[in-house]
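J.: What follows is upload.cif; its format and atoms are mmCIF, C-alpha atoms.
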```cif
data_entry
loop_
_atom_site.label_atom_id
_atom_site.label_comp_id
_atom_site.auth_asym_id
_atom_site.auth_seq_id
_atom_site.Cartn_x
_atom_site.Cartn_y
_atom_site.Cartn_z
CA GLN A 247 82.73 4.09 -100.24
CA LYS A 248 82.85 3.12 -103.90
CA GLU A 249 83.54 6.10 -106.12
CA VAL A 250 83.57 6.88 -109.81
CA GLU A 251 85.43 10.02 -110.81
CA GLN A 252 85.19 12.04 -114.01
CA ASN A 253 86.38 15.46 -115.05
CA SER A 254 83.28 17.60 -115.12
CA GLY A 255 84.48 19.62 -118.11
CA PRO A 256 83.24 21.27 -120.11
CA LEU A 257 85.29 19.59 -122.81
CA SER A 258 85.10 21.54 -126.03
CA VAL A 259 86.19 20.05 -129.36
CA PRO A 260 85.69 21.18 -132.95
CA GLU A 261 83.40 19.24 -135.26
CA GLY A 262 85.21 16.28 -136.79
CA ALA A 263 87.77 15.98 -134.00
CA ILE A 264 88.26 13.14 -131.53
CA ALA A 265 86.76 13.65 -128.09
CA SER A 266 88.41 11.75 -125.25
CA LEU A 267 86.51 11.20 -122.02
CA ASN A 268 88.07 9.64 -118.95
CA CYS A 269 86.88 7.90 -115.81
CA THR A 270 88.52 6.28 -112.81
CA TYR A 271 86.91 4.02 -110.24
CA SER A 272 87.85 3.02 -106.73
CA ASP A 273 86.58 -0.56 -106.38
CA ARG A 274 89.27 -2.84 -107.75
CA GLY A 275 86.78 -5.72 -107.86
CA SER A 276 84.51 -3.97 -110.37
CA GLN A 277 83.94 -6.01 -113.49
CA SER A 278 81.51 -4.13 -115.73
CA PHE A 279 81.64 -0.59 -117.02
CA PHE A 280 79.19 1.49 -118.95
CA TRP A 281 79.05 4.78 -120.78
CA TYR A 282 75.76 6.62 -120.90
CA ARG A 283 74.95 9.84 -122.69
CA GLN A 284 72.58 12.32 -121.05
CA TYR A 285 71.12 15.29 -122.82
CA SER A 286 69.97 18.14 -120.60
CA GLY A 287 66.73 17.25 -118.83
CA LYS A 288 66.68 13.74 -120.28
CA SER A 289 67.44 10.27 -118.99
CA PRO A 290 70.73 8.38 -119.39
CA GLU A 291 71.00 6.61 -122.73
CA LEU A 292 73.33 3.63 -123.01
CA ILE A 293 76.17 4.07 -125.48
CA MET A 294 78.53 1.21 -124.71
CA PHE A 295 79.57 -1.34 -122.15
CA ILE A 296 82.92 -3.01 -121.65
CA TYR A 297 83.95 -5.91 -119.45
CA SER A 298 87.42 -6.92 -120.66
CA ASN A 299 90.71 -5.08 -120.66
CA GLY A 300 91.50 -3.43 -123.96
CA ASP A 301 89.48 -1.64 -126.58
CA LYS A 302 85.94 -2.15 -127.77
CA GLU A 303 84.72 -0.33 -130.86
CA ASP A 304 81.15 0.44 -131.92
CA GLY A 305 80.83 2.79 -134.86
CA ARG A 306 82.37 6.14 -133.95
CA PHE A 307 82.74 5.13 -130.31
CA THR A 308 85.62 3.23 -128.69
CA ALA A 309 85.66 2.25 -125.04
CA GLN A 310 88.97 1.44 -123.40
CA LEU A 311 89.42 -0.41 -120.12
CA ASN A 312 92.52 -0.82 -118.00
CA LYS A 313 91.62 -2.70 -114.82
CA ALA A 314 95.15 -2.51 -113.41
CA SER A 315 94.96 1.29 -113.51
CA GLN A 316 91.22 1.31 -112.67
CA TYR A 317 90.64 3.49 -115.68
CA VAL A 318 87.96 3.59 -118.35
CA SER A 319 87.80 5.92 -121.30
CA LEU A 320 85.52 6.71 -124.21
CA LEU A 321 86.74 8.05 -127.53
CA ILE A 322 84.33 9.65 -129.95
CA ARG A 323 85.71 9.94 -133.47
CA ASP A 324 84.45 12.46 -136.02
CA SER A 325 82.59 14.36 -133.30
CA GLN A 326 79.31 15.95 -134.35
CA PRO A 327 77.40 18.85 -132.76
CA SER A 328 74.68 16.28 -131.91
CA ASP A 329 77.24 14.55 -129.65
CA SER A 330 77.11 17.58 -127.36
CA ALA A 331 75.82 16.15 -124.08
CA THR A 332 76.98 14.99 -120.67
CA TYR A 333 78.71 11.60 -120.73
CA LEU A 334 78.25 9.45 -117.66
CA CYS A 335 80.62 6.70 -116.65
CA ALA A 336 78.96 3.98 -114.59
CA VAL A 337 80.36 0.97 -112.78
CA LEU A 338 78.33 -2.08 -111.87
CA THR A 339 78.38 -3.09 -108.24
CA GLY A 340 76.29 -5.09 -105.83
CA SER A 341 74.99 -8.60 -106.31
CA GLN A 342 72.08 -7.43 -108.44
CA GLY A 343 74.02 -5.02 -110.58
CA ASN A 344 73.46 -1.60 -109.08
CA LEU A 345 75.19 1.15 -111.01
CA ILE A 346 77.45 3.76 -109.44
CA PHE A 347 77.69 6.82 -111.65
CA GLY A 348 80.29 9.52 -111.99
CA LYS A 349 79.17 13.14 -112.11
CA GLY A 350 79.63 13.17 -115.86
CA THR A 351 81.73 15.12 -118.34
CA LYS A 352 79.98 17.78 -120.36
CA LEU A 353 81.05 17.65 -124.00
CA SER A 354 80.54 20.53 -126.39
CA VAL A 355 81.20 19.98 -130.10
CA LYS A 356 81.57 23.27 -131.95
CA PRO A 357 80.50 23.44 -135.63
CA GLU B 189 62.16 -1.06 -129.90
CA PRO B 190 60.94 -1.86 -126.37
CA GLU B 191 61.39 0.92 -123.85
CA VAL B 192 60.82 1.75 -120.22
CA THR B 193 57.98 4.21 -119.67
CA GLN B 194 57.29 6.38 -116.64
CA THR B 195 54.35 8.45 -115.47
CA PRO B 196 53.82 11.22 -114.70
CA SER B 197 56.56 13.17 -116.44
CA HIS B 198 56.29 15.92 -113.83
CA GLN B 199 54.78 15.76 -110.35
CA VAL B 200 54.38 18.77 -108.09
CA THR B 201 53.45 18.13 -104.48
CA GLN B 202 53.37 19.82 -101.12
CA MET B 203 55.85 18.88 -98.43
CA GLY B 204 54.50 16.04 -96.30
CA GLN B 205 52.29 14.61 -99.02
CA GLU B 206 52.57 11.10 -100.39
CA VAL B 207 53.54 10.55 -104.02
CA ILE B 208 53.57 7.47 -106.18
CA LEU B 209 55.79 7.34 -109.24
CA ARG B 210 54.95 4.74 -111.83
CA CYS B 211 57.07 2.77 -114.24
CA VAL B 212 56.41 0.12 -116.86
CA PRO B 213 59.66 -1.82 -117.39
CA ILE B 214 60.56 -3.56 -120.63
CA SER B 215 58.21 -6.51 -120.83
CA ASN B 216 60.60 -9.47 -120.62
CA HIS B 217 62.93 -7.90 -118.09
CA LEU B 218 63.20 -9.33 -114.61
CA TYR B 219 65.24 -6.77 -112.66
CA PHE B 220 63.99 -3.32 -111.83
CA TYR B 221 65.69 -0.30 -110.36
CA TRP B 222 65.00 3.21 -109.16
CA TYR B 223 67.60 5.95 -109.35
CA ARG B 224 67.36 9.64 -108.65
CA GLN B 225 69.25 12.69 -109.83
CA ILE B 226 69.11 15.95 -107.93
CA LEU B 227 69.56 18.91 -110.27
CA GLY B 228 73.22 19.35 -111.16
CA GLN B 229 74.30 16.22 -109.30
CA LYS B 230 75.07 12.66 -110.23
CA VAL B 231 72.64 9.83 -110.76
CA GLU B 232 72.26 7.90 -107.49
CA PHE B 233 71.03 4.35 -106.95
CA LEU B 234 68.01 3.96 -104.69
CA VAL B 235 66.78 0.37 -104.87
CA SER B 236 66.81 -2.80 -106.92
CA PHE B 237 63.93 -5.27 -107.10
CA TYR B 238 63.72 -8.86 -108.27
CA ASN B 239 61.25 -11.68 -107.83
CA ASN B 240 58.82 -9.41 -105.97
CA GLU B 241 61.24 -8.30 -103.32
CA ILE B 242 63.92 -5.72 -102.72
CA SER B 243 67.38 -7.01 -103.65
CA GLU B 244 69.45 -4.09 -102.50
CA LYS B 245 68.86 -0.55 -101.33
CA SER B 246 71.02 2.46 -100.69
CA GLU B 247 71.25 4.67 -97.62
CA ILE B 248 68.94 7.13 -99.37
CA PHE B 249 66.14 4.54 -99.47
CA ASP B 250 64.91 4.98 -95.91
CA ASP B 251 61.56 4.14 -94.33
CA GLN B 252 59.86 6.93 -96.25
CA PHE B 253 60.38 5.02 -99.48
CA SER B 254 58.76 1.82 -100.67
CA VAL B 255 58.51 -0.07 -103.94
CA GLU B 256 55.90 -2.40 -105.27
CA ARG B 257 55.07 -4.41 -108.34
CA PRO B 258 51.28 -4.38 -108.02
CA ASP B 259 50.64 -6.31 -111.22
CA GLY B 260 52.56 -7.93 -114.05
CA SER B 261 53.57 -4.69 -115.72
CA ASN B 262 53.84 -1.79 -113.29
CA PHE B 263 56.64 -0.99 -110.86
CA THR B 264 56.03 1.84 -108.42
CA LEU B 265 58.04 4.02 -106.05
CA LYS B 266 56.14 5.54 -103.15
CA ILE B 267 57.42 8.36 -100.99
CA ARG B 268 55.26 8.51 -97.90
CA SER B 269 55.89 12.01 -96.62
CA THR B 270 57.83 14.12 -99.09
CA LYS B 271 60.53 16.54 -98.03
CA LEU B 272 61.97 19.49 -99.92
CA GLU B 273 65.17 17.52 -100.49
CA ASP B 274 63.23 14.79 -102.33
CA SER B 275 62.93 17.17 -105.29
CA ALA B 276 64.79 15.42 -108.09
CA MET B 277 64.44 13.46 -111.31
CA TYR B 278 63.50 9.88 -110.57
CA PHE B 279 64.52 7.29 -113.13
CA CYS B 280 63.24 3.77 -113.40
CA ALA B 281 65.46 1.21 -115.12
CA SER B 282 65.14 -2.42 -116.01
CA SER B 283 67.45 -5.21 -117.11
CA GLY B 284 66.95 -8.69 -118.42
CA HIS B 285 68.88 -10.92 -116.09
CA GLY B 286 70.73 -8.70 -113.62
CA GLY B 287 74.22 -9.56 -112.52
CA GLY B 288 77.58 -8.45 -113.76
CA THR B 289 77.07 -8.51 -117.50
CA ASP B 290 73.64 -7.08 -117.90
CA THR B 291 72.75 -3.62 -119.15
CA GLN B 292 70.15 -1.36 -117.65
CA TYR B 293 67.78 0.68 -119.76
CA PHE B 294 66.40 3.85 -118.30
CA GLY B 295 62.98 5.39 -118.59
CA PRO B 296 62.48 9.08 -119.41
CA GLY B 297 62.15 10.00 -115.74
CA THR B 298 59.66 11.77 -113.49
CA ARG B 299 60.58 15.23 -112.30
CA LEU B 300 59.37 15.55 -108.70
CA THR B 301 59.04 19.03 -107.28
CA VAL B 302 58.28 19.33 -103.57
CA LEU B 303 57.05 22.76 -102.46
#
```
How would this structure read if it were set down as structure tokens?
T.:
Amino acid sequence: QKEVEQNSGPLSVPEGAIASLNCTYSDRGSQSFFWYRQYSGKSPELIMFIYSNGDKEDGRFTAQLNKASQYVSLLIRDSQPSDSATYLCAVLTGSQGNLIFGKGTKLSVKP
Amino acid sequence: EPEVTQTPSHQVTQMGQEVILRCVPISNHLYFYWYRQILGQKVEFLVSFYNNEISEKSEIFDDQFSVERPDGSNFTLKIRSTKLEDSAMYFCASSGHGGGTDTQYFGPGTRLTVL
């Protein structure tokens, strides 16, 4: 059974701080990793994807991948109250790219 | 910006009734997916669809479920005889070329409530 694990939180950070979200996955053959943001009652919204080991930066967001440790993380710099949401880690599997999601980490950014 | 659309936004039905959830994927996308999310739980894959046939399906996608692309734009999920445990948010997603480097874009979802 392929699994994606995340701390459910809530993770609370003050406005302007760095939020660090972590994810581990069980399938060592996984190649593609995604972070989605989900506001309450809404659909997942893609933030970033990463395929290669190392860091990938996009604005205030940095995704980090370590395939040897089967670990993916998302850093959010200069956190804003509007970043308050649940962050979903997803791993691509299957021949047609089916996503396996973690349960998500709830982030709360306090003004 | 192109987006995936879904109708209805909320569907209420009686147990045992059939429901059809509708999706319009992004127009030049070729791969289509249905996921569901029971309240408070994680998003779960149901089925993927390409070239007018099912590519993969999960254990959840049993004989009560079916998918169809009836025309060039719509992609539907049918639940033949709904159960209480089918109550969930159902998300449609689409991607351009599938495979290991593609990204999936999600629609706003249909909230299904089975009474």
J.: Evaluate the PyMOL selection byres ((chain B) within 10 of (chain A)) on the structure here and hand back the selected residues as a ChimeraX atom specification.
T.: /B:219-223,225,227-238,243-246,277-281,283,285-299
J.: Quick one, how far is CA of Glu249 (chain A) from CA of Ser298 (chain A)?
T.: 19.9 Å
J.: Please measure the separation of CA of Lys248 (chain A) and CA of Val302 (chain B), giving the value in Å to one decimal.
T.: 29.4 Å
J.: With only C-alpha atoms as the atoms that count, which of A:Val250, A:Ile322, A:Cys335, A:Leu353 lies nearest to Ala265 (chain A)?
T.: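 The closest residue to Ala265 (chain A) is A:Ile322.
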J.: Output the residue selection produced by the PyMOL selection byres ((chain B and resi 274) around 8) on the file above, formatted as a list in words.
T.: Thr270, Lys271, Leu272, Glu273, Ser275, Ala276, Leu300, Thr301 and Val302 of chain B
J.: Show me, as a list in words, the residues that have an atom within 9 Å of Phe263 (chain B) when counting only C-alpha atoms, minus same-chain residues fewer than 4 positions from it.
T.: Leu209, Arg210, Cys211, Val212, Pro213, Phe220, Val255, Glu256, Arg257, Pro258, Asp259 and Cys280 of chain B
